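Peer 1: If it helps, the file is called data10.cif and holds mmCIF, C-alpha atoms:
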data_final
#
loop_
_atom_site.group_PDB
_atom_site.id
_atom_site.type_symbol
_atom_site.label_atom_id
_atom_site.label_comp_id
_atom_site.auth_asym_id
_atom_site.auth_seq_id
_atom_site.Cartn_x
_atom_site.Cartn_y
_atom_site.Cartn_z
ATOM 1 C CA MET S 1 23.192 -48.097 -1.644
ATOM 2 C CA MET S 2 20.350 -49.263 0.625
ATOM 3 C CA ASP S 3 16.710 -49.474 -0.427
ATOM 4 C CA PHE S 4 13.717 -48.964 1.839
ATOM 5 C CA LEU S 5 13.634 -52.620 2.881
ATOM 6 C CA GLY S 6 17.191 -52.644 4.146
ATOM 7 C CA LYS S 7 18.503 -54.811 1.303
ATOM 8 C CA ARG S 8 21.646 -54.073 -0.625
ATOM 9 C CA HIS S 9 21.353 -54.121 -4.408
ATOM 10 C CA PRO S 10 24.128 -55.528 -6.588
ATOM 11 C CA THR S 11 26.482 -53.044 -8.173
ATOM 12 C CA GLN S 12 27.452 -52.944 -11.806
ATOM 13 C CA SER S 13 30.460 -55.137 -11.041
ATOM 14 C CA GLY S 14 27.785 -57.518 -9.851
ATOM 15 C CA SER S 15 28.687 -60.027 -7.158
ATOM 16 C CA VAL S 16 27.033 -58.584 -4.052
ATOM 17 C CA PRO S 17 23.952 -60.697 -3.392
ATOM 18 C CA VAL S 18 20.599 -59.324 -2.236
ATOM 19 C CA LEU S 19 19.930 -60.334 1.328
ATOM 20 C CA SER S 20 16.552 -61.943 1.915
ATOM 21 C CA ALA S 21 14.881 -64.183 4.453
ATOM 22 C CA ASP S 22 14.856 -67.299 2.210
ATOM 23 C CA ARG S 23 18.544 -67.118 1.310
ATOM 24 C CA PRO S 24 21.017 -67.033 4.244
ATOM 25 C CA ALA S 25 24.044 -64.823 3.837
ATOM 26 C CA ARG S 26 27.466 -66.414 3.548
ATOM 27 C CA ARG S 27 30.022 -65.920 6.266
ATOM 28 C CA LEU S 28 32.143 -62.802 6.088
ATOM 29 C CA ASN S 29 35.387 -64.739 5.633
ATOM 30 C CA ALA S 30 33.902 -66.377 2.577
ATOM 31 C CA VAL S 31 33.361 -63.093 0.724
ATOM 32 C CA PRO S 32 36.163 -62.420 -1.789
ATOM 33 C CA ALA S 33 38.493 -59.618 -0.655
ATOM 34 C CA ARG S 34 38.054 -57.612 -3.824
ATOM 35 C CA VAL S 35 34.262 -57.629 -3.415
ATOM 36 C CA LEU S 36 34.556 -56.459 0.186
ATOM 37 C CA ALA S 37 36.972 -53.700 -0.791
ATOM 38 C CA GLY S 38 34.635 -52.534 -3.524
ATOM 39 C CA SER S 39 31.734 -52.439 -1.106
ATOM 40 C CA LEU S 40 33.758 -50.364 1.346
ATOM 41 C CA VAL S 41 34.677 -47.873 -1.382
ATOM 42 C CA LEU S 42 31.034 -47.472 -2.356
ATOM 43 C CA ALA S 43 30.008 -47.034 1.270
ATOM 44 C CA LEU S 44 32.660 -44.396 1.858
ATOM 45 C CA ALA S 45 31.665 -42.585 -1.311
ATOM 46 C CA ALA S 46 28.050 -42.532 -0.191
ATOM 47 C CA CYS S 47 29.030 -41.169 3.208
ATOM 48 C CA SER S 48 31.218 -38.460 1.692
ATOM 49 C CA SER S 49 28.490 -37.061 -0.639
ATOM 50 C CA PRO S 50 27.549 -33.465 0.319
ATOM 51 C CA PHE S 51 24.476 -32.949 2.518
ATOM 52 C CA LYS S 52 21.614 -31.207 0.718
ATOM 53 C CA GLU S 53 19.769 -28.800 3.002
ATOM 54 C CA ASP S 54 15.970 -28.805 2.937
ATOM 55 C CA PRO S 55 14.907 -25.492 1.268
ATOM 56 C CA ASN S 56 11.726 -25.519 3.348
ATOM 57 C CA SER S 57 13.460 -25.929 6.696
ATOM 58 C CA GLN S 58 13.326 -23.098 9.191
ATOM 59 C CA ALA S 59 17.075 -22.650 8.934
ATOM 60 C CA SER S 60 16.877 -22.251 5.155
ATOM 61 C CA LEU S 61 13.980 -19.804 5.415
ATOM 62 C CA ASP S 62 15.764 -17.763 8.067
ATOM 63 C CA LYS S 63 18.861 -17.589 5.898
ATOM 64 C CA LEU S 64 16.853 -16.577 2.833
ATOM 65 C CA TYR S 65 15.027 -13.898 4.813
ATOM 66 C CA SER S 66 18.280 -12.540 6.227
ATOM 67 C CA GLU S 67 19.658 -12.218 2.710
ATOM 68 C CA ALA S 68 16.478 -10.478 1.524
ATOM 69 C CA LYS S 69 16.705 -7.986 4.403
ATOM 70 C CA GLU S 70 20.287 -7.215 3.456
ATOM 71 C CA ASP S 71 19.193 -6.588 -0.124
ATOM 72 C CA LEU S 72 16.454 -4.252 1.121
ATOM 73 C CA ALA S 73 18.910 -2.341 3.265
ATOM 74 C CA SER S 74 21.369 -1.954 0.396
ATOM 75 C CA GLY S 75 18.755 -0.943 -2.178
ATOM 76 C CA GLY S 76 18.778 -4.230 -4.070
ATOM 77 C CA TYR S 77 15.008 -4.267 -4.304
ATOM 78 C CA ASP S 78 14.700 -6.603 -7.288
ATOM 79 C CA ARG S 79 16.823 -9.270 -5.579
ATOM 80 C CA ALA S 80 14.953 -8.747 -2.329
ATOM 81 C CA ILE S 81 11.587 -9.229 -4.017
ATOM 82 C CA LYS S 82 12.692 -12.487 -5.629
ATOM 83 C CA GLY S 83 13.913 -13.841 -2.310
ATOM 84 C CA LEU S 84 10.814 -12.705 -0.446
ATOM 85 C CA GLU S 85 8.547 -14.304 -3.034
ATOM 86 C CA LYS S 86 10.329 -17.617 -2.436
ATOM 87 C CA ILE S 87 9.769 -17.241 1.295
ATOM 88 C CA GLU S 88 6.107 -16.423 0.790
ATOM 89 C CA GLY S 89 5.632 -19.592 -1.248
ATOM 90 C CA ARG S 90 7.641 -21.930 1.002
ATOM 91 C CA ALA S 91 6.317 -20.591 4.307
ATOM 92 C CA ALA S 92 2.681 -20.186 3.243
ATOM 93 C CA GLY S 93 0.292 -19.772 6.156
ATOM 94 C CA THR S 94 2.933 -18.598 8.605
ATOM 95 C CA VAL S 95 3.764 -15.273 10.193
ATOM 96 C CA LEU S 96 6.995 -15.252 8.187
ATOM 97 C CA ALA S 97 4.998 -15.424 4.944
ATOM 98 C CA GLN S 98 2.942 -12.425 6.079
ATOM 99 C CA GLN S 99 6.120 -10.531 6.871
ATOM 100 C CA ALA S 100 7.470 -11.381 3.432
ATOM 101 C CA GLN S 101 4.311 -10.009 1.801
ATOM 102 C CA LEU S 102 4.644 -6.719 3.637
ATOM 103 C CA ASP S 103 8.341 -6.501 2.785
ATOM 104 C CA ILE S 104 7.526 -7.112 -0.881
ATOM 105 C CA ALA S 105 5.131 -4.157 -0.800
ATOM 106 C CA TRP S 106 7.793 -2.023 0.855
ATOM 107 C CA ALA S 107 10.379 -3.022 -1.754
ATOM 108 C CA TYR S 108 8.036 -2.092 -4.591
ATOM 109 C CA TYR S 109 7.275 1.230 -2.918
ATOM 110 C CA LYS S 110 10.936 2.093 -2.380
ATOM 111 C CA SER S 111 11.756 1.202 -5.979
ATOM 112 C CA GLY S 112 9.069 3.592 -7.246
ATOM 113 C CA GLU S 113 6.597 0.902 -8.301
ATOM 114 C CA ARG S 114 3.520 2.344 -6.572
ATOM 115 C CA ALA S 115 0.940 0.247 -8.430
ATOM 116 C CA GLN S 116 2.743 -2.995 -7.538
ATOM 117 C CA ALA S 117 3.082 -1.877 -3.929
ATOM 118 C CA ILE S 118 -0.647 -1.184 -3.668
ATOM 119 C CA SER S 119 -1.424 -4.505 -5.350
ATOM 120 C CA ALA S 120 0.764 -6.351 -2.845
ATOM 121 C CA LEU S 121 -0.902 -4.577 0.074
ATOM 122 C CA ASP S 122 -4.394 -5.262 -1.260
ATOM 123 C CA ARG S 123 -3.452 -8.918 -1.569
ATOM 124 C CA PHE S 124 -2.153 -8.969 2.000
ATOM 125 C CA ILE S 125 -5.338 -7.338 3.317
ATOM 126 C CA LYS S 126 -7.506 -9.834 1.429
ATOM 127 C CA LEU S 127 -5.555 -12.936 2.458
ATOM 128 C CA ASN S 128 -4.869 -11.992 6.086
ATOM 129 C CA PRO S 129 -7.983 -10.294 7.520
ATOM 130 C CA SER S 130 -7.062 -11.268 11.094
ATOM 131 C CA SER S 131 -3.346 -10.541 10.855
ATOM 132 C CA PRO S 132 -1.801 -8.662 13.785
ATOM 133 C CA ALA S 133 -0.133 -6.469 11.149
ATOM 134 C CA MET S 134 -3.390 -5.377 9.512
ATOM 135 C CA ASP S 135 -3.165 -1.869 10.997
ATOM 136 C CA TYR S 136 0.313 -1.471 9.533
ATOM 137 C CA ALA S 137 -0.852 -2.732 6.125
ATOM 138 C CA LEU S 138 -3.635 -0.118 6.068
ATOM 139 C CA TYR S 139 -1.254 2.596 7.227
ATOM 140 C CA MET S 140 1.268 1.664 4.560
ATOM 141 C CA LYS S 141 -1.413 1.610 1.851
ATOM 142 C CA GLY S 142 -2.535 5.075 2.906
ATOM 143 C CA THR S 143 1.034 6.337 3.015
ATOM 144 C CA VAL S 144 1.906 5.011 -0.442
ATOM 145 C CA ASN S 145 -1.128 6.752 -1.952
ATOM 146 C CA PHE S 146 -0.588 9.863 0.171
ATOM 147 C CA ASN S 147 2.974 10.336 -1.026
ATOM 148 C CA GLU S 148 1.948 9.639 -4.607
ATOM 149 C CA ASP S 149 -0.231 12.731 -4.634
ATOM 150 C CA MET S 150 1.962 15.092 -2.623
ATOM 151 C CA GLY S 151 2.375 17.141 -5.792
ATOM 152 C CA LEU S 152 -1.187 18.355 -5.382
ATOM 153 C CA PHE S 153 -0.142 21.732 -3.980
ATOM 154 C CA GLY S 154 2.069 22.339 -6.958
ATOM 155 C CA ARG S 155 -0.839 21.616 -9.260
ATOM 156 C CA LEU S 156 -3.042 23.994 -7.293
ATOM 157 C CA ALA S 157 -0.619 26.788 -8.167
ATOM 158 C CA SER S 158 -0.934 26.117 -11.898
ATOM 159 C CA GLN S 159 -2.532 28.865 -13.979
ATOM 160 C CA ASP S 160 -3.859 26.369 -16.508
ATOM 161 C CA VAL S 161 -6.006 24.095 -14.379
ATOM 162 C CA ALA S 162 -7.719 21.098 -15.949
ATOM 163 C CA GLU S 163 -9.659 18.205 -14.539
ATOM 164 C CA ARG S 164 -7.235 15.880 -12.806
ATOM 165 C CA ASP S 165 -7.728 12.526 -11.153
ATOM 166 C CA GLN S 166 -7.415 12.698 -7.378
ATOM 167 C CA GLN S 167 -7.960 8.965 -6.872
ATOM 168 C CA ALA S 168 -4.667 8.453 -5.036
ATOM 169 C CA SER S 169 -5.644 10.999 -2.373
ATOM 170 C CA ARG S 170 -9.103 9.485 -2.054
ATOM 171 C CA ASP S 171 -7.675 5.976 -1.710
ATOM 172 C CA ALA S 172 -5.294 7.224 0.969
ATOM 173 C CA LEU S 173 -8.198 8.836 2.797
ATOM 174 C CA LEU S 174 -10.178 5.575 2.764
ATOM 175 C CA ALA S 175 -7.230 3.546 4.055
ATOM 176 C CA PHE S 176 -6.479 5.973 6.891
ATOM 177 C CA ARG S 177 -10.145 6.155 7.865
ATOM 178 C CA GLN S 178 -10.398 2.364 7.978
ATOM 179 C CA LEU S 179 -7.297 2.240 10.163
ATOM 180 C CA VAL S 180 -8.632 4.804 12.635
ATOM 181 C CA GLU S 181 -12.071 3.207 12.805
ATOM 182 C CA GLN S 182 -10.981 -0.419 13.141
ATOM 183 C CA PHE S 183 -7.789 0.062 15.138
ATOM 184 C CA PRO S 184 -8.209 3.212 17.264
ATOM 185 C CA GLU S 185 -5.519 1.987 19.675
ATOM 186 C CA SER S 186 -2.965 1.344 16.931
ATOM 187 C CA ARG S 187 0.384 3.081 17.157
ATOM 188 C CA TYR S 188 -0.341 4.428 13.654
ATOM 189 C CA ALA S 189 -3.827 5.804 14.441
ATOM 190 C CA GLU S 190 -2.712 9.239 15.648
ATOM 191 C CA ASP S 191 -0.619 9.973 12.589
ATOM 192 C CA ALA S 192 -3.371 8.606 10.348
ATOM 193 C CA ALA S 193 -5.865 11.044 11.917
ATOM 194 C CA VAL S 194 -3.562 13.977 11.144
ATOM 195 C CA ARG S 195 -3.242 12.822 7.561
ATOM 196 C CA ILE S 196 -7.018 12.447 7.283
ATOM 197 C CA ASP S 197 -7.462 16.127 8.139
ATOM 198 C CA PHE S 198 -4.739 17.134 5.727
ATOM 199 C CA ILE S 199 -6.153 15.094 2.841
ATOM 200 C CA THR S 200 -9.704 16.262 3.532
ATOM 201 C CA ASN S 201 -8.676 19.893 3.432
ATOM 202 C CA THR S 202 -6.519 19.334 0.381
ATOM 203 C CA LEU S 203 -9.267 17.637 -1.614
ATOM 204 C CA ALA S 204 -11.741 20.344 -0.642
ATOM 205 C CA ALA S 205 -9.283 23.051 -1.659
ATOM 206 C CA TYR S 206 -8.724 21.362 -4.980
ATOM 207 C CA GLU S 207 -12.458 21.199 -5.697
ATOM 208 C CA VAL S 208 -12.768 24.904 -4.887
ATOM 209 C CA HIS S 209 -9.761 25.725 -7.024
ATOM 210 C CA VAL S 210 -11.386 24.027 -10.004
ATOM 211 C CA ALA S 211 -14.714 25.717 -9.251
ATOM 212 C CA ARG S 212 -12.966 29.090 -9.185
ATOM 213 C CA TYR S 213 -11.305 28.259 -12.487
ATOM 214 C CA TYR S 214 -14.668 27.556 -14.116
ATOM 215 C CA PHE S 215 -16.278 30.672 -12.609
ATOM 216 C CA ASN S 216 -13.521 32.957 -13.901
ATOM 217 C CA ARG S 217 -14.115 31.582 -17.388
ATOM 218 C CA GLY S 218 -17.872 31.987 -17.265
ATOM 219 C CA ALA S 219 -18.678 28.283 -16.938
ATOM 220 C CA TYR S 220 -21.121 28.924 -14.098
ATOM 221 C CA VAL S 221 -22.924 25.590 -14.143
ATOM 222 C CA ALA S 222 -19.616 23.725 -13.891
ATOM 223 C CA ALA S 223 -18.519 26.115 -11.139
ATOM 224 C CA VAL S 224 -21.668 25.383 -9.131
ATOM 225 C CA ASN S 225 -21.232 21.642 -9.529
ATOM 226 C CA ARG S 226 -17.657 21.629 -8.270
ATOM 227 C CA ALA S 227 -18.369 24.048 -5.420
ATOM 228 C CA GLN S 228 -21.408 22.044 -4.383
ATOM 229 C CA SER S 229 -19.334 18.856 -4.416
ATOM 230 C CA ALA S 230 -16.817 20.464 -2.056
ATOM 231 C CA VAL S 231 -19.557 21.575 0.357
ATOM 232 C CA LYS S 232 -21.317 18.210 0.431
ATOM 233 C CA GLU S 233 -18.251 16.007 0.704
ATOM 234 C CA PHE S 234 -16.003 18.226 2.819
ATOM 235 C CA GLU S 235 -18.390 20.416 4.788
ATOM 236 C CA THR S 236 -15.990 20.798 7.723
ATOM 237 C CA ALA S 237 -13.044 21.889 5.589
ATOM 238 C CA PRO S 238 -12.048 25.587 5.572
ATOM 239 C CA ALA S 239 -12.455 25.677 1.783
ATOM 240 C CA ALA S 240 -16.208 25.181 2.165
ATOM 241 C CA GLU S 241 -16.481 28.929 2.869
ATOM 242 C CA GLU S 242 -15.248 29.950 -0.567
ATOM 243 C CA ALA S 243 -17.194 27.112 -2.162
ATOM 244 C CA LEU S 244 -20.453 28.582 -0.862
ATOM 245 C CA SER S 245 -19.396 32.015 -2.090
ATOM 246 C CA ILE S 246 -18.796 30.636 -5.580
ATOM 247 C CA MET S 247 -22.245 29.066 -5.522
ATOM 248 C CA VAL S 248 -23.808 32.400 -4.547
ATOM 249 C CA ARG S 249 -22.069 34.303 -7.334
ATOM 250 C CA SER S 250 -22.653 31.580 -9.923
ATOM 251 C CA TYR S 251 -26.380 31.439 -9.222
ATOM 252 C CA GLU S 252 -26.445 35.222 -9.483
ATOM 253 C CA GLN S 253 -24.853 35.033 -12.919
ATOM 254 C CA LEU S 254 -27.258 32.296 -13.970
ATOM 255 C CA GLY S 255 -30.276 34.367 -12.925
ATOM 256 C CA LEU S 256 -31.403 31.947 -10.212
ATOM 257 C CA PRO S 257 -32.213 34.194 -7.231
ATOM 258 C CA LYS S 258 -33.843 31.532 -5.067
ATOM 259 C CA LEU S 259 -30.855 29.213 -5.268
ATOM 260 C CA ARG S 260 -28.562 32.201 -4.763
ATOM 261 C CA ASP S 261 -30.411 33.188 -1.579
ATOM 262 C CA ASP S 262 -30.351 29.610 -0.280
ATOM 263 C CA ALA S 263 -26.587 29.379 -0.775
ATOM 264 C CA GLU S 264 -26.036 32.761 0.863
ATOM 265 C CA ARG S 265 -28.181 31.749 3.835
ATOM 266 C CA VAL S 266 -26.026 28.657 4.373
ATOM 267 C CA LEU S 267 -22.860 30.743 3.992
ATOM 268 C CA ARG S 268 -24.081 33.302 6.526
ATOM 269 C CA LYS S 269 -25.077 30.614 9.030
ATOM 270 C CA SER S 270 -21.909 28.546 8.669
ATOM 271 C CA PHE S 271 -19.458 31.439 8.370
ATOM 272 C CA PRO S 272 -21.073 34.542 9.912
ATOM 273 C CA GLN S 273 -17.818 36.477 9.693
ATOM 274 C CA SER S 274 -17.043 35.405 6.151
ATOM 275 C CA GLN S 275 -15.105 37.857 4.040
ATOM 276 C CA TYR S 276 -17.419 36.937 1.165
ATOM 277 C CA LEU S 277 -20.514 38.393 2.848
ATOM 278 C CA ALA S 278 -21.499 41.983 2.144
ATOM 279 C CA GLY S 279 -20.874 44.303 5.096
ATOM 280 C CA ASN S 280 -18.077 42.327 6.663
ATOM 281 C CA GLU S 281 -14.958 44.416 7.162
ATOM 282 C CA ARG S 282 -12.641 41.520 7.883
ATOM 283 C CA VAL S 283 -9.428 41.693 5.906
ATOM 284 C CA ALA S 284 -9.314 38.908 3.372
ATOM 285 C CA LYS S 285 -6.742 36.279 4.107
ATOM 286 C CA LYS S 286 -5.187 33.766 1.798
ATOM 287 C CA PRO S 287 -6.724 30.304 1.914
ATOM 288 C CA TRP S 288 -4.868 27.994 4.311
ATOM 289 C CA TRP S 289 -3.491 25.991 1.404
ATOM 290 C CA LYS S 290 -2.282 28.918 -0.733
ATOM 291 C CA LEU S 291 1.450 29.049 -0.161
ATOM 292 C CA TRP S 292 2.428 31.189 -3.147
#
Transcribe the structure of this file into structure tokens.

Peer 2:
Amino acid sequence: MMDFLGKRHPTQSGSVPVLSADRPARRLNAVPARVLAGSLVLALAACSSPFKEDPNSQASLDKLYSEAKEDLASGGYDRAIKGLEKIEGRAAGTVLAQQAQLDIAWAYYKSGERAQAISALDRFIKLNPSSPAMDYALYMKGTVNFNEDMGLFGRLASQDVAERDQQASRDALLAFRQLVEQFPESRYAEDAAVRIDFITNTLAAYEVHVARYYFNRGAYVAAVNRAQSAVKEFETAPAAEEALSIMVRSYEQLGLPKLRDDAERVLRKSFPQSQYLAGNERVAKKPWWKLW
């Protein structure tokens, strides 16, 4: 075994001297044969010890990433996440670490762990503001939240409607809007814009559905509040037409003629052919979202 100074230390059998500048080495033919043989055995043993690969080398990282991708492809999401977390730690500050972060989010999403997926994406967005994959991270965050609340239409059909949290849809809307505004040339921008329209209309329809629920049960103040929220926040959505109508009828029931007339004036100006206006003969159609 050699130390850092190039000197050989004595073994346990002890007769190999330490070479130094103040003590000249003896000639080779003067070294006992058994000592020389022992030294050769030790040298050969050292040379035959297995090579330990650096876990932080590019080759090791590439191998670990390849294994993680195989786990992702086969549905072994827990194993993939563990491997990707190792890559993220060992390759910190590199493009590979960013890729590992995004793959971790994808693995959580595919395994049904939405909260963890969103957390991973938020972390990526915070740590990598100038990443070339930022548009994809925003698109993925919007998609995860969007798919989480795809049951909204089913809830709209419920006869027993209660206040429900629509935060997932709102978070998806924010992510898609940020993507479209910051990366209008992104390959994901067009699809994000379509989803923005869909979510906007869906949220507006939900607000109107709740407002209608309150109106039918005589809770006119609550009906006005929800209808007004739909008009203010989603004024371009088709559901704004019925929202204004609910406001008109609710104010009528509350004995507030001035507010009733104001709401009707806005309804008439925004939707002159509205089925909810007196005198219009247009056949009432189902709302765009009512599939049942």

Peer 1: List, as an mmCIF file with C-alpha atoms, in the coordinates of the input, every residue that the PyMOL selection byres ((chain S and resi 244) around 8) selects in the file provided.

Peer 2:
data_model
loop_
_atom_site.group_PDB
_atom_site.id
_atom_site.type_symbol
_atom_site.label_atom_id
_atom_site.label_comp_id
_atom_site.auth_asym_id
_atom_site.auth_seq_id
_atom_site.Cartn_x
_atom_site.Cartn_y
_atom_site.Cartn_z
ATOM 1 C CA ALA S 227 -18.369 24.048 -5.420
ATOM 2 C CA GLN S 228 -21.408 22.044 -4.383
ATOM 3 C CA VAL S 231 -19.557 21.575 0.357
ATOM 4 C CA ALA S 240 -16.208 25.181 2.165
ATOM 5 C CA GLU S 241 -16.481 28.929 2.869
ATOM 6 C CA GLU S 242 -15.248 29.950 -0.567
ATOM 7 C CA ALA S 243 -17.194 27.112 -2.162
ATOM 8 C CA SER S 245 -19.396 32.015 -2.090
ATOM 9 C CA ILE S 246 -18.796 30.636 -5.580
ATOM 10 C CA MET S 247 -22.245 29.066 -5.522
ATOM 11 C CA VAL S 248 -23.808 32.400 -4.547
ATOM 12 C CA ALA S 263 -26.587 29.379 -0.775
ATOM 13 C CA GLU S 264 -26.036 32.761 0.863
ATOM 14 C CA VAL S 266 -26.026 28.657 4.373
ATOM 15 C CA LEU S 267 -22.860 30.743 3.992
#

Peer 1: Would you compute the distance between atom CA of S:Ile87 and atom CA of S:Ala120? Give it in Å to one decimal.

Peer 2: 14.7 Å

Peer 1: Closest to S:Arg187 among S:Ala115, S:Ala133, S:Ala92, S:Leu174, using only C-alpha atoms?

Peer 2: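 Selected residue with least distance to S:Arg187: S:Ala133.
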
Peer 1: Could you pull the residues within 10 Å of stretch 81-84 of chain S, counting only C-alpha atoms, minus those fewer than 4 positions along the same chain, as a ChimeraX atom specification?

Peer 2: /S:61,64-69,71-72,76-77,88-90,96-97,99-108

Peer 1: What does the PyMOL selection byres ((chain S and resi 193) around 12) select in this file, as a list in words?

Peer 2: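 For this structure, the PyMOL selection byres ((chain S and resi 193) around 12) resolves to Tyr139, Gly142, Ala172, Leu173, Leu174, Ala175, Phe176, Arg177, Gln178, Leu179, Val180, Glu181, Phe183, Pro184, Glu185, Ser186, Arg187, Tyr188, Ala189, Glu190, Asp191, Ala192, Val194, Arg195, Ile196, Asp197, Phe198, Ile199 and Thr200 of chain S.
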
Peer 1: With the PyMOL selection byres ((chain S and resi 214) around 10) as the selection, what would be picked from this file? Answer as an MDAnalysis selection string, please.

Peer 2: chainID S and resid 161:162 208:213 215:226 246 250

Peer 1: What does the structure give for the distance between atom CA of S:Gln166 and atom CA of S:Leu203, in Å to one decimal?

Peer 2: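 Going from atom CA of S:Gln166 over to atom CA of S:Leu203 covers 7.8 Å.
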
Peer 1: Counting only C-alpha atoms, what is within 8 Å of stretch 144-147 of chain S, bar same-chain residues fewer than 5 positions away, as a list in words?

Peer 2: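 Near neighbours after the sequence-gap exclusion: Tyr109, Arg114, Ala117, Ile118, Ala168, Ser169, Asp171 and Ala172 of chain S.
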
Peer 1: Distance atom CA of S:Tyr206-atom CA of S:Gly255, one decimal place?

Peer 2: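 Between these atoms lies a distance of 26.4 Å.
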
Peer 1: Of the candidates S:Gln98, S:Arg260, S:Tyr251, S:Ser274, which shows the shortest atom-to-atom distance to S:Pro132, using all atoms listed in the file?

Peer 2: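 Selected residue with least distance to S:Pro132: S:Gln98.
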
Peer 1: Assuming the input is short of atoms at stretch 190-202 of chain S, produce N, CA and C atoms for that part as a PDB file, in the frame of the given file.

Peer 2:
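Once written, part-v1.pdb looks like this:
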ATOM      1  N   GLU S 190      -2.840   7.793  15.438  1.00  0.00           N
ATOM      2  CA  GLU S 190      -2.712   9.239  15.648  1.00  0.00           C
ATOM      3  C   GLU S 190      -2.195   9.931  14.392  1.00  0.00           C
ATOM      4  N   ASP S 191      -1.169   9.379  13.804  1.00  0.00           N
ATOM      5  CA  ASP S 191      -0.619   9.973  12.589  1.00  0.00           C
ATOM      6  C   ASP S 191      -1.626   9.878  11.444  1.00  0.00           C
ATOM      7  N   ALA S 192      -2.360   8.769  11.392  1.00  0.00           N
ATOM      8  CA  ALA S 192      -3.371   8.606  10.348  1.00  0.00           C
ATOM      9  C   ALA S 192      -4.450   9.678  10.473  1.00  0.00           C
ATOM     10  N   ALA S 193      -4.840  10.018  11.707  1.00  0.00           N
ATOM     11  CA  ALA S 193      -5.865  11.044  11.917  1.00  0.00           C
ATOM     12  C   ALA S 193      -5.386  12.406  11.415  1.00  0.00           C
ATOM     13  N   VAL S 194      -4.119  12.711  11.638  1.00  0.00           N
ATOM     14  CA  VAL S 194      -3.562  13.977  11.144  1.00  0.00           C
ATOM     15  C   VAL S 194      -3.596  14.007   9.621  1.00  0.00           C
ATOM     16  N   ARG S 195      -3.247  12.889   9.021  1.00  0.00           N
ATOM     17  CA  ARG S 195      -3.242  12.822   7.561  1.00  0.00           C
ATOM     18  C   ARG S 195      -4.659  12.893   6.991  1.00  0.00           C
ATOM     19  N   ILE S 196      -5.625  12.357   7.719  1.00  0.00           N
ATOM     20  CA  ILE S 196      -7.018  12.447   7.283  1.00  0.00           C
ATOM     21  C   ILE S 196      -7.441  13.906   7.164  1.00  0.00           C
ATOM     22  N   ASP S 197      -7.124  14.699   8.180  1.00  0.00           N
ATOM     23  CA  ASP S 197      -7.462  16.127   8.139  1.00  0.00           C
ATOM     24  C   ASP S 197      -6.765  16.820   6.979  1.00  0.00           C
ATOM     25  N   PHE S 198      -5.511  16.503   6.798  1.00  0.00           N
ATOM     26  CA  PHE S 198      -4.739  17.134   5.727  1.00  0.00           C
ATOM     27  C   PHE S 198      -5.328  16.801   4.363  1.00  0.00           C
ATOM     28  N   ILE S 199      -5.616  15.513   4.143  1.00  0.00           N
ATOM     29  CA  ILE S 199      -6.153  15.094   2.841  1.00  0.00           C
ATOM     30  C   ILE S 199      -7.534  15.685   2.612  1.00  0.00           C
ATOM     31  N   THR S 200      -8.357  15.699   3.658  1.00  0.00           N
ATOM     32  CA  THR S 200      -9.704  16.262   3.532  1.00  0.00           C
ATOM     33  C   THR S 200      -9.640  17.717   3.104  1.00  0.00           C
ATOM     34  N   ASN S 201      -8.805  18.480   3.770  1.00  0.00           N
ATOM     35  CA  ASN S 201      -8.676  19.893   3.432  1.00  0.00           C
ATOM     36  C   ASN S 201      -8.084  20.086   2.034  1.00  0.00           C
ATOM     37  N   THR S 202      -7.152  19.220   1.689  1.00  0.00           N
ATOM     38  CA  THR S 202      -6.519  19.334   0.381  1.00  0.00           C
ATOM     39  C   THR S 202      -7.505  19.041  -0.747  1.00  0.00           C
TER      40      THR S 202
END
